[in-house]
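What follows is a single structure, written as C-alpha cells, with notes after it.
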Amino acid sequence: MKTLSARGMEILVGAFVAAGFVALFFLAMKVSNLGAVTVGDGYQVTARFRNVGGLKVRAPVSMGGVPLGKVVGIHFDEKTFDAVVTMEIDRQYDQLPDDTFAKIYTAGLLGEQYVGLEPGGSEKNLKQGGEIRMTQSALVLEEVVGQFIFSKAQEGSKQ
Amino acid sequence: MSPLLDGLAMLGRAGLGALERLGRGHLLLLGLLAGLGPLLRRPRLLLQQMHSVGVRSMLIIAVSGVFVGMVLGLQGHYILSRFGAEATLGVMVAASLVRELGPVVTALLFAGRAGSALTAEIGLMKATEQLSGLEMMAVNPVYRVLSPRFLAGFLSMPLLAAMFSALGVWGGWFVGVGLLGVDDGTYWSQMQAKIDLDEDIVNGVIKSLVFGFVCSWIAIFQGYDCVPTSEGVSRATTKTVVHSALAVLGLDFVLTALMFGK
C-alpha cells in the first residue's frame with residue numbers, strides 16, 4: 001500500500017471534515033424548513049373558531065393560495081369555549097384589511113389543514129395583536145357525513 | 001447429581017465471565033475518556049486515525065447513500081403514485097433517510113468497514129506484544145493507541161451519516177425527478193415544508209453520535225480484550241460486527257421511542 005505524506009493525509013482529513021459539514025449544511029438549509037421560514041419576523045394576529053378540526057401549530061396561513069405566514073399557537077378559551085388560533089404573518093404583507101375573513105381549509109381530501117384568508121373591504125389594516133373577527137370553522141368530515149345520512153333518512157321517511 | 005452441578009457451574013461461569021467483560025469494558029471506557037485530555041497535545045495521532053477510520057470509509061458510505069436514496073425514490077414513487085401522492089416523495093425520502101436510514105445504515109457499514117479493522121489492528125498489536133512493548137517503554141497504550149482511535153470513530157460517524165443522508169436525498173431526487181417525472185419544485189418544497197431542523201435533523205445527528213460512541217467502544221474493547229492468538233483475533237473481529245449491529249439496532253429503537261414517540 002502506498003504510504004501517504006503527512007501533508008497529503010492532512011489534506012484528505014480536511015476534505016473529509018469539510019465534506020461532512022457541507023452535507024450537514026445541505027441537510028439543514030435545503031432539506032429542512034430552516035431556509036424557508038423567516039423566524040419571528042412578522043406580526044401576530046388572533047382568530048376565534050368554533051372548531052379548528054385537525055389544525056396544527058406551524059400550519060400555513062395563506063391568501064389566494066400564497067403562503068403569508070404560519071400558525072404559531074392554538075389555545076382554548078374557557079369563557080367562550082372557542083379555539084383561539086394565533087397566526088404570525090410575514091411583515092411584508094402588512095396591508096391586509098382588518099375585516100379579513102379566515103377559514104380553515106383542507107388541502108385535498110386527506111391533506112393537512114391550513115388557514116385561508118380572504119380580504120374584506122375595510123380601509124384599516126390588521127396590526128400586531130389584532131383580531132380577525134369573521135371566521136368559519138373547519139369542515140369536520142364526520143359531521144358532514146352525519147348530516148347527509150340524516151337528511152337522506154328524512155327524505156326516506158317522507159315518501 | 002454431578003452433571004446437574006456441572007451444568008450449574010457452567011452457567012455460573014458464563015454469567016460471571018459476562019459480568020467481568022462488562023466491567024473491563026467500562027474500565028476501558030474510563031481509560032479512553034481519560035486519554036482524551038493528553039490527546040489534545042498530540043492532534044497528529046487523531047489526524048492519522050481520522051484518515052484510516054473516516055476518509056477511507058467515505059467511498060462505501062457515499063455509494064451506499066446514493067443507491068439507498070435511489071431505491072427509496074423508486075419504491076416510494078411506486079407506492080405513492082397509487083394514491084396520487086407523488087408530490088410527497090421528497091418528504092418520504094428525506095424523512096426516512098434523516099431520521100432512520102442515515103444513522104443506522106451508516107453505523108452498520110461503519111462497524112463492518114472501520115470497526116472490524118480497528119479490532120483486527122488492536123488485536124494483532126496485542127498478539128504480537130506491541131502493546132506490552134509500549135508499556136515496557138512507560139507509554140500508556142490506552143492513551144497512545146486506543147484513545148485516538150476512539151475519538152476518531154466518534155467524530156467520523158456523524159459526518160459520514162450526514163454525507164449518507166445528503167447523497168441519499170440526491171439519489172431520490174435523481175430517480176424521482178430525473179427518471180420518473182416528479183416536479184422538481186414540489187420535491188424540494190414539500191421536503192422543506194415537512195422536515196423540521198430540530199425534530200428531524202438534529203435528532204438524526206444525536207443518533208449518529210450515540211452510534212459512533214458505541215461502535216468505536218465495542219470495536220476497541222473487542223480488540224483490546226481478545227485472546228492473543230490468530231483465532232482469538234478472528235473471533236474478536238466477528239464479535240465486533242455482531243455486537244455493534246445488535247447494539248445499533250437495539251439503541252435505535254430506544255432512541256426513536258424517546259425522540260419521536262410522544
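Letters for chains follow the order of the C-alpha cells (A, B, ...), residue numbers begin at 1 for each chain, and ligand numbers begin at 1 in the order shown.
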Up to 6 Å from chain A, what residues of chain B turn up? Count only C-alpha atoms and give them as a PyMOL selection string.
chain B and resi 51+55+159+162-163+166+191-193+195-197
Residues at most 7 Å from segment 40-46 of chain A, counting only C-alpha atoms, excluding those fewer than 2 positions away in the same chain, as a ChimeraX atom specification?
/A:38,48,84-91,127-132
Selected residues written out, C-alpha atoms, as a PDB file, in the first residue's frame:
```pdb
ATOM      1  CA  THR A  38     -38.409  33.557   8.465  1.00  0.00           C
ATOM      2  CA  ARG A  48     -61.531  32.594  17.154  1.00  0.00           C
ATOM      3  CA  VAL A  84     -58.119  30.787  19.714  1.00  0.00           C
ATOM      4  CA  VAL A  85     -55.624  30.477  16.872  1.00  0.00           C
ATOM      5  CA  THR A  86     -52.591  32.766  16.899  1.00  0.00           C
ATOM      6  CA  MET A  87     -51.076  33.358  13.475  1.00  0.00           C
ATOM      7  CA  GLU A  88     -47.843  35.027  12.525  1.00  0.00           C
ATOM      8  CA  ILE A  89     -47.969  36.881   9.239  1.00  0.00           C
ATOM      9  CA  ASP A  90     -44.852  37.934   7.373  1.00  0.00           C
ATOM     10  CA  ARG A  91     -44.090  41.622   7.817  1.00  0.00           C
ATOM     11  CA  LYS A 127     -51.822  45.145  13.107  1.00  0.00           C
ATOM     12  CA  GLN A 128     -49.734  43.304  15.687  1.00  0.00           C
ATOM     13  CA  GLY A 129     -52.130  41.837  18.299  1.00  0.00           C
ATOM     14  CA  GLY A 130     -55.175  42.399  16.093  1.00  0.00           C
ATOM     15  CA  GLU A 131     -58.068  40.004  15.865  1.00  0.00           C
ATOM     16  CA  ILE A 132     -59.777  38.550  12.820  1.00  0.00           C
TER      17      ILE A 132
END
```
Pick out each residue of segment 53-113 of chain A that DSSP on the backbone tags as strand (DSSP E or B); I need them as number ranges by chain.
A: 60-63, 66-77, 82-90, 97, 101-106, 113
For those residues, write C-alpha atoms to a file as a PDB file, in the first residue's frame.
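result37.pdb was written with the following content:
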```pdb
ATOM      1  CA  PRO A  60     -49.543  27.561   6.742  1.00  0.00           C
ATOM      2  CA  VAL A  61     -51.684  30.706   6.596  1.00  0.00           C
ATOM      3  CA  SER A  62     -52.392  31.687   3.016  1.00  0.00           C
ATOM      4  CA  MET A  63     -54.347  34.122   0.937  1.00  0.00           C
ATOM      5  CA  VAL A  66     -49.892  32.166  -1.483  1.00  0.00           C
ATOM      6  CA  PRO A  67     -48.460  31.412   1.964  1.00  0.00           C
ATOM      7  CA  LEU A  68     -48.288  34.596   4.055  1.00  0.00           C
ATOM      8  CA  GLY A  69     -47.339  33.122   7.411  1.00  0.00           C
ATOM      9  CA  LYS A  70     -47.943  30.272   9.794  1.00  0.00           C
ATOM     10  CA  VAL A  71     -49.962  29.251  12.823  1.00  0.00           C
ATOM     11  CA  VAL A  72     -47.857  29.762  15.958  1.00  0.00           C
ATOM     12  CA  GLY A  73     -50.316  28.811  18.696  1.00  0.00           C
ATOM     13  CA  ILE A  74     -53.685  27.189  19.313  1.00  0.00           C
ATOM     14  CA  HIS A  75     -55.373  27.726  22.696  1.00  0.00           C
ATOM     15  CA  PHE A  76     -58.752  27.075  24.203  1.00  0.00           C
ATOM     16  CA  ASP A  77     -60.750  29.925  25.736  1.00  0.00           C
ATOM     17  CA  ASP A  82     -63.780  28.920  21.412  1.00  0.00           C
ATOM     18  CA  ALA A  83     -60.467  27.817  19.992  1.00  0.00           C
ATOM     19  CA  VAL A  84     -58.119  30.787  19.714  1.00  0.00           C
ATOM     20  CA  VAL A  85     -55.624  30.477  16.872  1.00  0.00           C
ATOM     21  CA  THR A  86     -52.591  32.766  16.899  1.00  0.00           C
ATOM     22  CA  MET A  87     -51.076  33.358  13.475  1.00  0.00           C
ATOM     23  CA  GLU A  88     -47.843  35.027  12.525  1.00  0.00           C
ATOM     24  CA  ILE A  89     -47.969  36.881   9.239  1.00  0.00           C
ATOM     25  CA  ASP A  90     -44.852  37.934   7.373  1.00  0.00           C
ATOM     26  CA  PRO A  97     -57.778  44.867   5.777  1.00  0.00           C
ATOM     27  CA  PHE A 101     -62.202  36.613   6.673  1.00  0.00           C
ATOM     28  CA  ALA A 102     -60.435  33.485   7.984  1.00  0.00           C
ATOM     29  CA  LYS A 103     -61.490  29.935   7.187  1.00  0.00           C
ATOM     30  CA  ILE A 104     -59.919  26.573   7.881  1.00  0.00           C
ATOM     31  CA  TYR A 105     -59.453  24.582   4.690  1.00  0.00           C
ATOM     32  CA  THR A 106     -58.195  21.093   3.992  1.00  0.00           C
ATOM     33  CA  GLN A 113     -55.441  21.679   7.255  1.00  0.00           C
TER      34      GLN A 113
END
```
In Å to one decimal, how far is atom CA of Ser156 of chain B from atom CA of Arg44 of chain B?
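These two atoms are separated by 15.7 Å.
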Using atom CA of Thr88 of chain B and atom CA of Gly73 of chain B as the two end points, give the distance in Å to one decimal.
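Straight-line distance from atom CA of Thr88 of chain B to atom CA of Gly73 of chain B works out to 10.9 Å.
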So which bits of segment 90-154 of chain A end up alpha helix (DSSP H) when you DSSP the backbone, as JSON, numbers by chain?
{"A": [141, 142, 143, 144, 145, 146, 147, 148, 149, 150, 151, 152, 153, 154]}
Grab the residues selected above and save them as a PDB file, in the first residue's frame with C-alpha atoms.
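Saved as again_9.pdb:
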```pdb
ATOM      1  CA  LEU A 141     -65.962  15.120   7.779  1.00  0.00           C
ATOM      2  CA  GLU A 142     -67.952  13.111  10.328  1.00  0.00           C
ATOM      3  CA  GLU A 143     -70.458  15.954  10.781  1.00  0.00           C
ATOM      4  CA  VAL A 144     -70.939  16.360   7.043  1.00  0.00           C
ATOM      5  CA  VAL A 145     -71.459  12.627   6.540  1.00  0.00           C
ATOM      6  CA  GLY A 146     -73.783  12.573   9.565  1.00  0.00           C
ATOM      7  CA  GLN A 147     -75.901  15.425   8.190  1.00  0.00           C
ATOM      8  CA  PHE A 148     -76.044  13.771   4.785  1.00  0.00           C
ATOM      9  CA  ILE A 149     -77.272  10.485   6.255  1.00  0.00           C
ATOM     10  CA  PHE A 150     -79.787  12.328   8.463  1.00  0.00           C
ATOM     11  CA  SER A 151     -81.254  14.262   5.521  1.00  0.00           C
ATOM     12  CA  LYS A 152     -81.446  11.119   3.403  1.00  0.00           C
ATOM     13  CA  ALA A 153     -83.251   9.333   6.237  1.00  0.00           C
ATOM     14  CA  GLN A 154     -85.767  12.206   6.482  1.00  0.00           C
TER      15      GLN A 154
END
```
